[in-house]
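Q: File follows, final.pdb with PDB, C-alpha atoms:
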```
MODEL        1
ATOM      1  CA  MET A  84       8.164  44.510  35.442
ATOM      2  CA  GLN A  85       8.719  40.920  34.316
ATOM      3  CA  ARG A  86      12.355  40.783  35.444
ATOM      4  CA  GLN A  87      11.693  40.382  39.137
ATOM      5  CA  GLY A  88      15.333  39.833  39.975
ATOM      6  CA  SER A  89      16.573  42.998  38.275
ATOM      7  CA  SER A  90      17.291  46.157  40.225
ATOM      8  CA  GLN A  91      14.270  47.842  38.613
ATOM      9  CA  GLY A  92      12.049  44.868  39.424
ATOM     10  CA  ARG A  93      13.126  44.845  43.056
ATOM     11  CA  ALA A  94      12.638  48.612  43.283
ATOM     12  CA  ALA A  95       9.113  48.311  41.879
ATOM     13  CA  ALA A  96       8.216  45.562  44.328
ATOM     14  CA  ALA A  97       9.622  47.541  47.254
ATOM     15  CA  ALA A  98       7.801  50.742  46.296
ATOM     16  CA  ALA A  99       4.400  49.172  45.581
ATOM     17  CA  PRO A 100       4.348  45.456  46.465
ATOM     18  CA  LEU A 101       0.638  44.885  45.869
ATOM     19  CA  LEU A 102       0.718  46.731  42.544
ATOM     20  CA  ALA A 103       3.781  44.784  41.419
ATOM     21  CA  GLN A 104       2.123  41.512  42.381
ATOM     22  CA  THR A 105      -1.040  42.400  40.456
ATOM     23  CA  CYS A 106       0.784  43.583  37.350
ATOM     24  CA  ARG A 107       3.043  40.563  37.139
ATOM     25  CA  ARG A 108       0.033  38.293  36.874
ATOM     26  CA  CYS A 109      -1.261  40.046  33.739
ATOM     27  CA  TRP A 110       1.805  41.671  32.157
ATOM     28  CA  PRO A 111       2.193  42.582  29.354
ATOM     29  CA  ASP A 112      -0.923  41.752  27.328
ATOM     30  CA  ARG A 113      -3.774  41.160  29.776
ATOM     31  CA  CYS A 114      -3.560  44.108  32.169
ATOM     32  CA  PRO A 115      -6.613  46.376  32.474
ATOM     33  CA  TRP A 116      -6.085  50.045  31.743
ATOM     34  CA  ASN A 117      -6.886  51.104  35.310
ATOM     35  CA  GLN A 118      -4.271  48.902  36.962
ATOM     36  CA  CYS A 119      -1.008  48.573  35.036
ATOM     37  CA  TRP A 120       0.403  50.847  32.362
ATOM     38  CA  SER A 121       3.134  50.109  29.872
ATOM     39  CA  GLU A 122       5.520  52.693  28.488
ATOM     40  CA  GLN A 123       3.533  52.620  25.248
ATOM     41  CA  HIS A 124       0.349  53.513  27.109
ATOM     42  CA  SER A 125       2.092  56.309  29.013
ATOM     43  CA  LEU A 126       3.078  57.959  25.721
ATOM     44  CA  GLU A 127      -0.415  57.972  24.234
ATOM     45  CA  SER A 128      -1.935  61.349  23.492
ATOM     46  CA  TRP A 129      -5.408  60.496  22.152
ATOM     47  CA  ARG A 130      -7.516  61.213  25.245
ATOM     48  CA  ALA A 131      -8.755  64.795  24.938
ATOM     49  CA  TYR A 132      -9.990  64.750  28.536
ATOM     50  CA  ASN A 133      -6.409  64.696  29.856
ATOM     51  CA  TYR A 134      -5.329  68.005  28.340
ATOM     52  CA  PRO A 135      -7.278  70.476  30.526
ATOM     53  CA  HIS A 136      -5.696  69.121  33.724
ATOM     54  CA  VAL A 137      -2.144  69.600  32.467
ATOM     55  CA  THR A 138      -3.108  73.012  31.089
ATOM     56  CA  ALA A 139      -4.441  73.936  34.531
ATOM     57  CA  VAL A 140      -1.125  73.007  36.161
ATOM     58  CA  TYR A 141       0.917  75.128  33.751
ATOM     59  CA  TRP A 142      -1.581  78.008  33.963
ATOM     60  CA  SER A 143      -1.501  77.947  37.779
ATOM     61  CA  LEU A 144       2.300  78.028  37.800
ATOM     62  CA  TYR A 145       2.202  80.924  35.333
ATOM     63  CA  ARG A 146      -0.062  82.839  37.710
ATOM     64  CA  LEU A 147       2.204  82.065  40.668
ATOM     65  CA  GLY A 148       5.151  83.417  38.739
ATOM     66  CA  ARG A 149       3.363  86.439  37.305
ATOM     67  CA  ARG A 150       1.022  87.660  40.034
ATOM     68  CA  PHE A 151       3.273  87.412  43.107
ATOM     69  CA  ARG A 152       6.380  89.278  44.189
ATOM     70  CA  PRO A 153       8.639  87.570  44.815
ATOM     71  CA  ALA A 154       7.502  84.911  42.350
ATOM     72  CA  ARG A 155       6.309  81.654  43.864
ATOM     73  CA  VAL A 156       8.036  79.599  41.156
ATOM     74  CA  ARG A 157      11.790  79.174  40.760
ATOM     75  CA  ARG A 158      12.485  76.583  38.077
ATOM     76  CA  HIS A 159      11.198  78.679  35.163
ATOM     77  CA  GLY A 160       9.902  82.173  34.498
ATOM     78  CA  TRP A 161       6.199  82.909  34.011
ATOM     79  CA  ARG A 162       6.549  83.105  30.221
ATOM     80  CA  TRP A 163       7.746  79.493  30.079
ATOM     81  CA  TYR A 164       4.676  78.266  31.968
ATOM     82  CA  LEU A 165       2.270  80.359  29.906
ATOM     83  CA  GLN A 166       3.806  79.027  26.710
ATOM     84  CA  ARG A 167       3.378  75.436  27.953
ATOM     85  CA  ALA A 168      -0.201  76.091  28.959
ATOM     86  CA  HIS A 169      -0.987  77.381  25.476
ATOM     87  CA  GLY A 170       0.830  74.482  23.789
ATOM     88  CA  THR A 171      -1.030  71.924  25.889
ATOM     89  CA  ALA A 172      -4.390  73.520  25.132
ATOM     90  CA  MET A 173      -3.635  73.438  21.418
ATOM     91  CA  GLY A 174      -2.467  69.834  21.750
ATOM     92  CA  MET A 175      -5.965  68.856  22.837
ATOM     93  CA  TRP A 176      -7.263  69.867  19.406
ATOM     94  CA  GLU A 177      -4.318  68.590  17.387
ATOM     95  CA  HIS A 178      -3.863  65.197  19.047
ATOM     96  CA  GLY A 179      -6.985  64.389  21.075
ATOM     97  CA  GLY A 180      -9.559  62.214  19.441
ATOM     98  CA  GLU A 181     -10.517  58.579  19.309
ATOM     99  CA  VAL A 182     -11.616  57.097  22.610
ATOM    100  CA  PHE A 183     -10.800  53.431  22.022
ATOM    101  CA  PRO A 184      -8.354  51.640  19.688
ATOM    102  CA  HIS A 185      -9.532  49.667  16.751
ATOM    103  CA  GLU A 186      -9.699  46.004  17.705
ATOM    104  CA  GLN A 187      -7.411  44.998  14.840
ATOM    105  CA  GLN A 188      -4.758  47.402  16.064
ATOM    106  CA  ARG A 189      -5.036  46.170  19.617
ATOM    107  CA  VAL A 190      -4.639  42.524  18.638
ATOM    108  CA  ALA A 191      -1.706  43.354  16.383
ATOM    109  CA  GLY A 192      -0.038  45.353  19.167
ATOM    110  CA  GLN A 193       0.020  48.476  17.045
ATOM    111  CA  ALA A 194      -0.275  52.033  18.312
ATOM    112  CA  TRP A 195      -3.743  53.280  19.086
ATOM    113  CA  SER A 196      -5.361  55.379  16.408
ATOM    114  CA  LYS A 197      -5.562  59.133  16.868
ATOM    115  CA  VAL A 198      -8.076  61.367  15.156
ATOM    116  CA  GLY A 199      -6.934  64.883  15.972
ATOM    117  CA  ASN A 200      -8.038  68.173  14.418
ATOM    118  CA  GLY A 201     -11.172  68.420  16.510
ATOM    119  CA  GLN A 202     -12.611  65.001  15.795
ATOM    120  CA  GLY A 203     -13.703  62.449  18.353
ATOM    121  CA  THR A 204     -13.791  63.583  21.969
ATOM    122  CA  ALA A 205     -11.909  66.825  21.275
ATOM    123  CA  GLN A 206     -15.147  68.384  20.036
ATOM    124  CA  TRP A 207     -17.079  67.872  23.291
ATOM    125  CA  GLY A 208     -17.063  69.757  26.558
ATOM    126  CA  LEU A 209     -14.227  68.515  28.790
ATOM    127  CA  MET A 210     -14.058  68.357  32.561
ATOM    128  CA  VAL A 211     -12.119  71.400  33.832
ATOM    129  CA  GLY A 212     -12.217  72.605  30.210
ATOM    130  CA  SER A 213     -13.229  76.071  31.389
ATOM    131  CA  ILE A 214      -9.527  76.527  32.165
ATOM    132  CA  PHE A 215      -9.118  77.220  28.448
ATOM    133  CA  GLU A 216     -11.244  80.352  28.778
ATOM    134  CA  SER A 217      -9.112  81.544  31.703
ATOM    135  CA  LEU A 218      -5.999  80.877  29.650
ATOM    136  CA  LEU A 219      -7.355  82.810  26.678
ATOM    137  CA  ARG A 220      -8.091  85.830  28.859
ATOM    138  CA  ASP A 221      -4.521  85.840  30.179
ATOM    139  CA  LEU A 222      -3.019  85.412  26.713
ATOM    140  CA  LEU A 223      -4.938  88.507  25.618
ATOM    141  CA  LEU A 224      -3.951  90.354  28.785
ATOM    142  CA  GLU A 225      -0.273  89.608  28.170
ATOM    143  CA  GLY A 226      -0.523  90.784  24.558
ATOM    144  CA  TRP A 227       0.257  87.336  23.129
ATOM    145  CA  ALA A 228      -1.871  88.004  20.072
ATOM    146  CA  LYS A 229      -0.671  85.080  17.945
ATOM    147  CA  GLU A 230      -1.209  82.478  20.673
ATOM    148  CA  ALA A 231      -4.562  83.977  21.656
ATOM    149  CA  ALA A 232      -5.770  83.932  18.044
ATOM    150  CA  GLU A 233      -4.801  80.270  17.647
ATOM    151  CA  LEU A 234      -6.624  79.221  20.785
ATOM    152  CA  GLN A 235      -9.647  81.376  20.025
ATOM    153  CA  GLN A 236     -10.019  79.899  16.553
ATOM    154  CA  VAL A 237     -10.079  76.379  17.982
ATOM    155  CA  MET A 238     -12.601  77.245  20.666
ATOM    156  CA  GLU A 239     -14.880  79.057  18.236
ATOM    157  CA  ARG A 240     -14.998  75.947  16.063
ATOM    158  CA  ARG A 241     -16.002  73.884  19.094
ATOM    159  CA  VAL A 242     -18.692  76.399  20.082
ATOM    160  CA  HIS A 243     -20.045  76.349  16.536
ATOM    161  CA  ARG A 244     -20.380  72.588  16.823
ATOM    162  CA  TRP A 245     -22.273  72.862  20.124
ATOM    163  CA  LEU A 246     -24.655  75.473  18.765
ATOM    164  CA  SER A 247     -25.615  73.122  15.945
ATOM    165  CA  MET A 248     -26.915  70.519  18.404
ATOM    166  CA  PRO A 249     -30.095  70.569  20.514
ATOM    167  CA  PHE A 250     -28.310  69.034  23.513
ATOM    168  CA  PRO A 251     -24.533  69.447  23.153
ATOM    169  CA  TYR A 252     -23.594  67.764  26.398
ATOM    170  CA  GLY A 253     -21.829  64.649  25.148
ATOM    171  CA  SER A 254     -19.051  62.952  27.030
ATOM    172  CA  GLU A 255     -17.083  59.724  26.845
ATOM    173  CA  PHE A 256     -19.736  57.821  28.852
ATOM    174  CA  ALA A 257     -23.479  57.807  28.410
ATOM    175  CA  TRP A 258     -24.143  58.624  32.064
ATOM    176  CA  ASP A 259     -21.530  61.370  32.343
ATOM    177  CA  ASN A 260     -22.300  65.023  33.029
ATOM    178  CA  THR A 261     -18.817  66.452  32.701
ATOM    179  CA  GLY A 262     -19.368  68.418  29.495
ATOM    180  CA  HIS A 263     -21.681  71.100  30.860
ATOM    181  CA  GLU A 264     -19.074  73.109  32.748
ATOM    182  CA  GLU A 265     -16.877  74.016  29.774
ATOM    183  CA  ILE A 266     -19.794  74.372  27.378
ATOM    184  CA  ALA A 267     -21.592  76.878  29.606
ATOM    185  CA  THR A 268     -18.371  78.833  30.163
ATOM    186  CA  TRP A 269     -17.707  79.322  26.445
ATOM    187  CA  LEU A 270     -21.354  80.020  25.592
ATOM    188  CA  LEU A 271     -21.347  82.871  28.109
ATOM    189  CA  ALA A 272     -17.965  84.114  26.914
ATOM    190  CA  TYR A 273     -19.271  84.422  23.345
ATOM    191  CA  GLY A 274     -22.594  85.966  24.322
ATOM    192  CA  HIS A 275     -24.863  82.968  23.731
ATOM    193  CA  ASP A 276     -26.866  83.639  26.875
ATOM    194  CA  ALA A 277     -29.957  81.641  25.933
ATOM    195  CA  GLN A 278     -27.943  78.510  25.179
ATOM    196  CA  ALA A 279     -25.932  78.976  28.369
ATOM    197  CA  ALA A 280     -29.203  79.197  30.310
ATOM    198  CA  GLN A 281     -30.328  75.960  28.640
ATOM    199  CA  THR A 282     -27.141  74.307  29.855
ATOM    200  CA  ALA A 283     -27.832  75.497  33.400
ATOM    201  CA  ASP A 284     -31.382  74.178  33.118
ATOM    202  CA  ALA A 285     -30.018  70.774  32.143
ATOM    203  CA  VAL A 286     -27.772  70.760  35.217
ATOM    204  CA  SER A 287     -30.539  71.852  37.580
ATOM    205  CA  ALA A 288     -32.795  69.111  36.170
ATOM    206  CA  TYR A 289     -30.607  66.375  37.649
ATOM    207  CA  THR A 290     -29.119  68.224  40.644
ATOM    208  CA  SER A 291     -31.281  68.061  43.738
ATOM    209  CA  LEU A 292     -31.864  70.696  46.409
ATOM    210  CA  SER A 293     -33.050  68.010  48.812
ATOM    211  CA  PRO A 294     -32.686  69.083  52.465
ATOM    212  CA  HIS A 295     -30.066  66.442  53.161
ATOM    213  CA  TRP A 296     -26.288  66.883  53.227
ATOM    214  CA  ALA A 297     -25.623  63.836  51.065
ATOM    215  CA  TYR A 298     -28.066  64.673  48.274
ATOM    216  CA  CYS A 299     -28.145  68.471  48.164
ATOM    217  CA  GLY A 300     -26.087  69.481  45.136
ATOM    218  CA  SER A 301     -24.766  65.982  44.584
ATOM    219  CA  ALA A 302     -24.195  65.023  40.960
ATOM    220  CA  ARG A 303     -26.061  62.002  39.656
ATOM    221  CA  ARG A 304     -23.131  59.617  39.314
ATOM    222  CA  TRP A 305     -23.138  55.854  38.934
ATOM    223  CA  TRP A 306     -20.457  53.343  37.961
ATOM    224  CA  ASP A 307     -17.520  55.481  39.107
ATOM    225  CA  PHE A 308     -16.783  53.112  41.966
ATOM    226  CA  ALA A 309     -16.568  50.301  39.426
ATOM    227  CA  ILE A 310     -13.851  52.221  37.577
ATOM    228  CA  ASN A 311     -11.882  54.039  40.279
ATOM    229  CA  GLY A 312     -13.131  52.879  43.663
ATOM    230  CA  ASP A 313     -11.617  50.660  46.345
ATOM    231  CA  ALA A 314     -14.282  48.002  45.733
ATOM    232  CA  ARG A 315     -13.390  47.704  42.036
ATOM    233  CA  PRO A 316     -12.065  44.096  42.041
ATOM    234  CA  LYS A 317     -15.267  42.745  43.576
ATOM    235  CA  TYR A 318     -17.735  45.413  42.533
ATOM    236  CA  ASN A 319     -21.073  43.935  41.512
ATOM    237  CA  GLY A 320     -23.644  46.694  41.519
ATOM    238  CA  ASN A 321     -24.766  50.070  40.235
ATOM    239  CA  GLU A 322     -24.083  52.239  43.256
ATOM    240  CA  ARG A 323     -24.480  55.989  43.427
ATOM    241  CA  VAL A 324     -21.465  58.155  44.221
ATOM    242  CA  LEU A 325     -22.432  60.990  46.558
ATOM    243  CA  HIS A 326     -20.577  64.306  46.208
ATOM    244  CA  HIS A 327     -18.486  63.179  43.273
ATOM    245  CA  TYR A 328     -16.262  65.882  41.762
ATOM    246  CA  ALA A 329     -18.850  66.408  39.008
ATOM    247  CA  GLY A 330     -20.950  68.277  41.572
ATOM    248  CA  ALA A 331     -18.269  70.951  41.805
ATOM    249  CA  LEU A 332     -18.120  71.163  38.014
ATOM    250  CA  ASN A 333     -21.887  71.646  38.018
ATOM    251  CA  SER A 334     -21.508  74.471  40.524
ATOM    252  CA  VAL A 335     -19.502  76.445  37.944
ATOM    253  CA  VAL A 336     -22.500  76.371  35.613
ATOM    254  CA  LEU A 337     -24.954  77.152  38.410
ATOM    255  CA  PHE A 338     -22.970  80.019  39.916
ATOM    256  CA  ASP A 339     -22.454  81.602  36.499
ATOM    257  CA  ARG A 340     -26.197  81.381  35.907
ATOM    258  CA  ALA A 341     -26.932  82.786  39.380
ATOM    259  CA  LEU A 342     -24.734  85.796  38.628
ATOM    260  CA  VAL A 343     -27.100  86.553  35.746
ATOM    261  CA  ALA A 344     -30.318  85.709  37.625
ATOM    262  CA  ARG A 345     -29.226  87.353  40.866
ATOM    263  CA  GLU A 346     -32.657  87.236  42.525
ATOM    264  CA  ASP A 347     -33.018  83.477  42.114
ATOM    265  CA  VAL A 348     -32.404  82.341  45.704
ATOM    266  CA  TRP A 349     -33.123  78.709  44.790
ATOM    267  CA  LEU A 350     -30.316  78.764  42.238
ATOM    268  CA  TRP A 351     -27.838  80.262  44.702
ATOM    269  CA  ARG A 352     -28.663  77.571  47.239
ATOM    270  CA  LEU A 353     -28.291  74.806  44.679
ATOM    271  CA  ALA A 354     -24.933  76.155  43.484
ATOM    272  CA  SER A 355     -23.671  76.426  47.067
ATOM    273  CA  CYS A 356     -24.641  72.820  47.772
ATOM    274  CA  ALA A 357     -22.915  71.617  44.622
ATOM    275  CA  ALA A 358     -19.708  73.481  45.461
ATOM    276  CA  GLY A 359     -19.624  72.738  49.183
ATOM    277  CA  GLY A 360     -20.817  69.147  49.279
ATOM    278  CA  PRO A 361     -17.484  67.613  48.192
ATOM    279  CA  LEU A 362     -15.893  69.142  51.289
ATOM    280  CA  THR A 363     -17.441  66.240  53.176
ATOM    281  CA  THR A 364     -15.240  63.817  51.239
ATOM    282  CA  ILE A 365     -12.177  65.113  53.103
ATOM    283  CA  ARG A 366     -11.353  62.990  56.137
ATOM    284  CA  PRO A 367     -11.256  65.259  59.199
ATOM    285  CA  SER A 368      -8.640  63.137  60.967
ATOM    286  CA  SER A 369      -6.026  63.132  58.197
ATOM    287  CA  GLY A 370      -7.115  65.621  55.553
ATOM    288  CA  ALA A 371      -6.922  62.867  52.943
ATOM    289  CA  ALA A 372      -9.411  63.004  50.108
ATOM    290  CA  SER A 373     -11.938  60.443  48.951
ATOM    291  CA  MET A 374     -13.479  60.176  45.497
ATOM    292  CA  GLY A 375     -16.937  60.227  47.106
ATOM    293  CA  TRP A 376     -19.367  58.691  49.539
ATOM    294  CA  HIS A 377     -20.775  55.211  48.973
ATOM    295  CA  GLY A 378     -24.527  55.650  48.536
ATOM    296  CA  ASP A 379     -25.318  52.012  49.216
ATOM    297  CA  PRO A 380     -27.275  52.011  52.539
ATOM    298  CA  ALA A 381     -25.186  49.040  53.628
ATOM    299  CA  LYS A 382     -21.984  51.093  53.302
ATOM    300  CA  LEU A 383     -22.508  54.861  53.689
ATOM    301  CA  ARG A 384     -18.797  55.597  53.995
ATOM    302  CA  ARG A 385     -16.082  57.452  52.157
ATOM    303  CA  ASP A 386     -14.301  55.449  49.500
ATOM    304  CA  ASP A 387     -10.715  54.615  50.438
ATOM    305  CA  LEU A 388      -9.291  55.944  47.165
ATOM    306  CA  SER A 389      -9.020  59.564  46.035
ATOM    307  CA  ALA A 390      -9.239  58.718  42.297
ATOM    308  CA  ASP A 391     -10.076  61.873  40.291
ATOM    309  CA  TRP A 392     -10.975  64.043  43.287
ATOM    310  CA  GLY A 393      -8.507  66.770  42.293
ATOM    311  CA  ARG A 394     -10.850  68.124  39.634
ATOM    312  CA  TRP A 395     -13.162  69.287  42.402
ATOM    313  CA  LEU A 396     -10.338  70.982  44.304
ATOM    314  CA  HIS A 397      -9.309  72.870  41.175
ATOM    315  CA  TRP A 398     -12.613  74.768  40.871
ATOM    316  CA  HIS A 399     -13.679  74.950  44.493
TER     317      HIS A 399
ENDMDL
END
```
As structure tokens, what does this structure read like?
A:
Amino acid sequence: MQRQGSSQGRAAAAAAPLLAQTCRRCWPDRCPWNQCWSEQHSLESWRAYNYPHVTAVYWSLYRLGRRFRPARVRRHGWRWYLQRAHGTAMGMWEHGGEVFPHEQQRVAGQAWSKVGNGQGTAQWGLMVGSIFESLLRDLLLEGWAKEAAELQQVMERRVHRWLSMPFPYGSEFAWDNTGHEEIATWLLAYGHDAQAAQTADAVSAYTSLSPHWAYCGSARRWWDFAINGDARPKYNGNERVLHHYAGALNSVVLFDRALVAREDVWLWRLASCAAGGPLTTIRPSSGAASMGWHGDPAKLRRDDLSADWGRWLHWH
């Protein structure tokens, strides 16, 4: 990055000129995490929230190789993908943990601390974490008893932790609501219906059925534009994100609850809004995705960046 005249430096500038220009102003010690990444950062494994997404990729490729004839994957057989999905899910528990590095380590340039073994963020509900329950079902279906037992033991320890708390919906940010989806999924899977209903009640408390396309089913999200949006460099306010991907995660909880309370028309409508609302973030002219709608009355437009939109697509 710093050697602008090298072949790698020229290639970086040609591929992403604005990114290269930004990174060279702060490299290597002053770059924010959401702009420029070093090789050291790319090798970090502490963030538990990253593991479900990689698990979902491997699990999806396993299904494409196992459930279709001819198989829709060519590079590896279905067993290889299932094994990777299981290993990634277990990695969340073994390596995920501390959210931020200790200041002394950061100043000294040392590696970030890792907690592992279910400490830190690995103990909370994770966005798209319900993929672990789908993976466990397929491990059992395939007769992979050893792998299924390992994953089940980890998940039971997490569920035990949630059951010990009055409101087990923690996440990495105080305003986040990304833990409910996985928590509700596992509570239902293990027969804790009352606690699962409580989780759905928590979701319905902050998800509106307002008769308006922008608000019906929209998750209550603030600050995401400050982290991932196109206005990030000059962002100066607390603006609501309309139809953020968290709405689709909420719909998992709401639909599961509606399947139990089948006569609750209000719940079905709310779940449908939460699942369908993010469709409006897709640009009709190009099909490109946006992370959400700007709720500021002076803007009322789709954000130019897709950010973490893919989590919605996964469960839609």
Q: Written as an mmCIF file with C-alpha atoms, keeping the file's coordinate frame, which residues does the PyMOL selection byres ((chain A and resi 293-299) around 9) give for the file shown?
A:
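And here's selection00.cif as it stands now:
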```cif
data_model
loop_
_atom_site.group_PDB
_atom_site.id
_atom_site.type_symbol
_atom_site.label_atom_id
_atom_site.label_comp_id
_atom_site.auth_asym_id
_atom_site.auth_seq_id
_atom_site.Cartn_x
_atom_site.Cartn_y
_atom_site.Cartn_z
ATOM 1 C CA THR A 290 -29.119 68.224 40.644
ATOM 2 C CA SER A 291 -31.281 68.061 43.738
ATOM 3 C CA LEU A 292 -31.864 70.696 46.409
ATOM 4 C CA GLY A 300 -26.087 69.481 45.136
ATOM 5 C CA SER A 301 -24.766 65.982 44.584
ATOM 6 C CA ALA A 302 -24.195 65.023 40.960
ATOM 7 C CA LEU A 325 -22.432 60.990 46.558
ATOM 8 C CA HIS A 326 -20.577 64.306 46.208
ATOM 9 C CA LEU A 353 -28.291 74.806 44.679
ATOM 10 C CA CYS A 356 -24.641 72.820 47.772
ATOM 11 C CA ALA A 357 -22.915 71.617 44.622
ATOM 12 C CA GLY A 360 -20.817 69.147 49.279
ATOM 13 C CA THR A 363 -17.441 66.240 53.176
ATOM 14 C CA TRP A 376 -19.367 58.691 49.539
ATOM 15 C CA GLY A 378 -24.527 55.650 48.536
#
```
Q: Specify as a PDB file with C-alpha atoms, in the frame of the given file each residue included when the PyMOL selection byres ((chain A and resi 107) around 10) is applied to this file.
A:
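File produced: expr04.pdb:
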```
ATOM      1  CA  MET A  84       8.164  44.510  35.442  1.00  0.00           C
ATOM      2  CA  GLN A  85       8.719  40.920  34.316  1.00  0.00           C
ATOM      3  CA  ARG A  86      12.355  40.783  35.444  1.00  0.00           C
ATOM      4  CA  GLN A  87      11.693  40.382  39.137  1.00  0.00           C
ATOM      5  CA  LEU A 102       0.718  46.731  42.544  1.00  0.00           C
ATOM      6  CA  ALA A 103       3.781  44.784  41.419  1.00  0.00           C
ATOM      7  CA  GLN A 104       2.123  41.512  42.381  1.00  0.00           C
ATOM      8  CA  THR A 105      -1.040  42.400  40.456  1.00  0.00           C
ATOM      9  CA  CYS A 106       0.784  43.583  37.350  1.00  0.00           C
ATOM     10  CA  ARG A 108       0.033  38.293  36.874  1.00  0.00           C
ATOM     11  CA  CYS A 109      -1.261  40.046  33.739  1.00  0.00           C
ATOM     12  CA  TRP A 110       1.805  41.671  32.157  1.00  0.00           C
ATOM     13  CA  PRO A 111       2.193  42.582  29.354  1.00  0.00           C
ATOM     14  CA  CYS A 114      -3.560  44.108  32.169  1.00  0.00           C
ATOM     15  CA  CYS A 119      -1.008  48.573  35.036  1.00  0.00           C
TER      16      CYS A 119
END
```
Q: Would you compute the distance between atom CA of His159 of chain A and atom CA of Leu234 of chain A? Give it in Å to one decimal.
A: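 Atom CA of His159 of chain A sits 22.9 Å away from atom CA of Leu234 of chain A.
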Q: Considering only C-alpha atoms, tabulate each residue of segment 284-344 of chain A that lies at most 6 Å from segment 381-399 of chain A along with its nearest interatomic pair and the corresponding distance in Å to one decimal; arrange the rows by chain and ascending residue number and present them as a Markdown table.
A:
```
| residue | atom | partner | partner_atom | distance |
| --- | --- | --- | --- | --- |
| A:Asn311 | CA | A:Ala390 | CA | 5.7 |
| A:Asp313 | CA | A:Asp387 | CA | 5.8 |
| A:Tyr328 | CA | A:Trp395 | CA | 4.6 |
| A:Ala331 | CA | A:Trp395 | CA | 5.4 |
```
Q: Work out how far apart atom CA of Met238 of chain A and atom CA of Leu209 of chain A are and give it in Å to one decimal.
A: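 Distance between the two atoms: 12.0 Å.
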Q: Could you please determine the separation between atom CA of Glu322 of chain A and atom CA of Thr261 of chain A in Å, to one decimal place?
A: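 Interatomic distance here is 18.5 Å.
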Q: Restricting the calculation to all atoms listed in the file, which member of A:Gly330, A:Gly359, A:Gly226, A:Pro367 is positioned closest to Arg304 of chain A?
A: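 The closest residue to Arg304 of chain A is A:Gly330.
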Q: Neighbours of Asp276 of chain A within 10 Å (only C-alpha atoms; same-chain residues fewer than 5 positions away dropped), as a list in words?
A: Ala267, Leu270, Leu271, Gln281, Thr282, Arg340 and Val343 of chain A
Q: Residue by residue, what does the PyMOL selection byres ((chain A and resi 132-140) around 8) grab here? Present the result as a list in words.
A: Arg130, Ala131, Tyr141, Trp142, Ser143, Leu144, Arg167, Ala168, His169, Thr171, Ala172, Gly174, Met175, Thr204, Ala205, Leu209, Met210, Val211, Gly212, Ile214, Phe215 and Arg394 of chain A
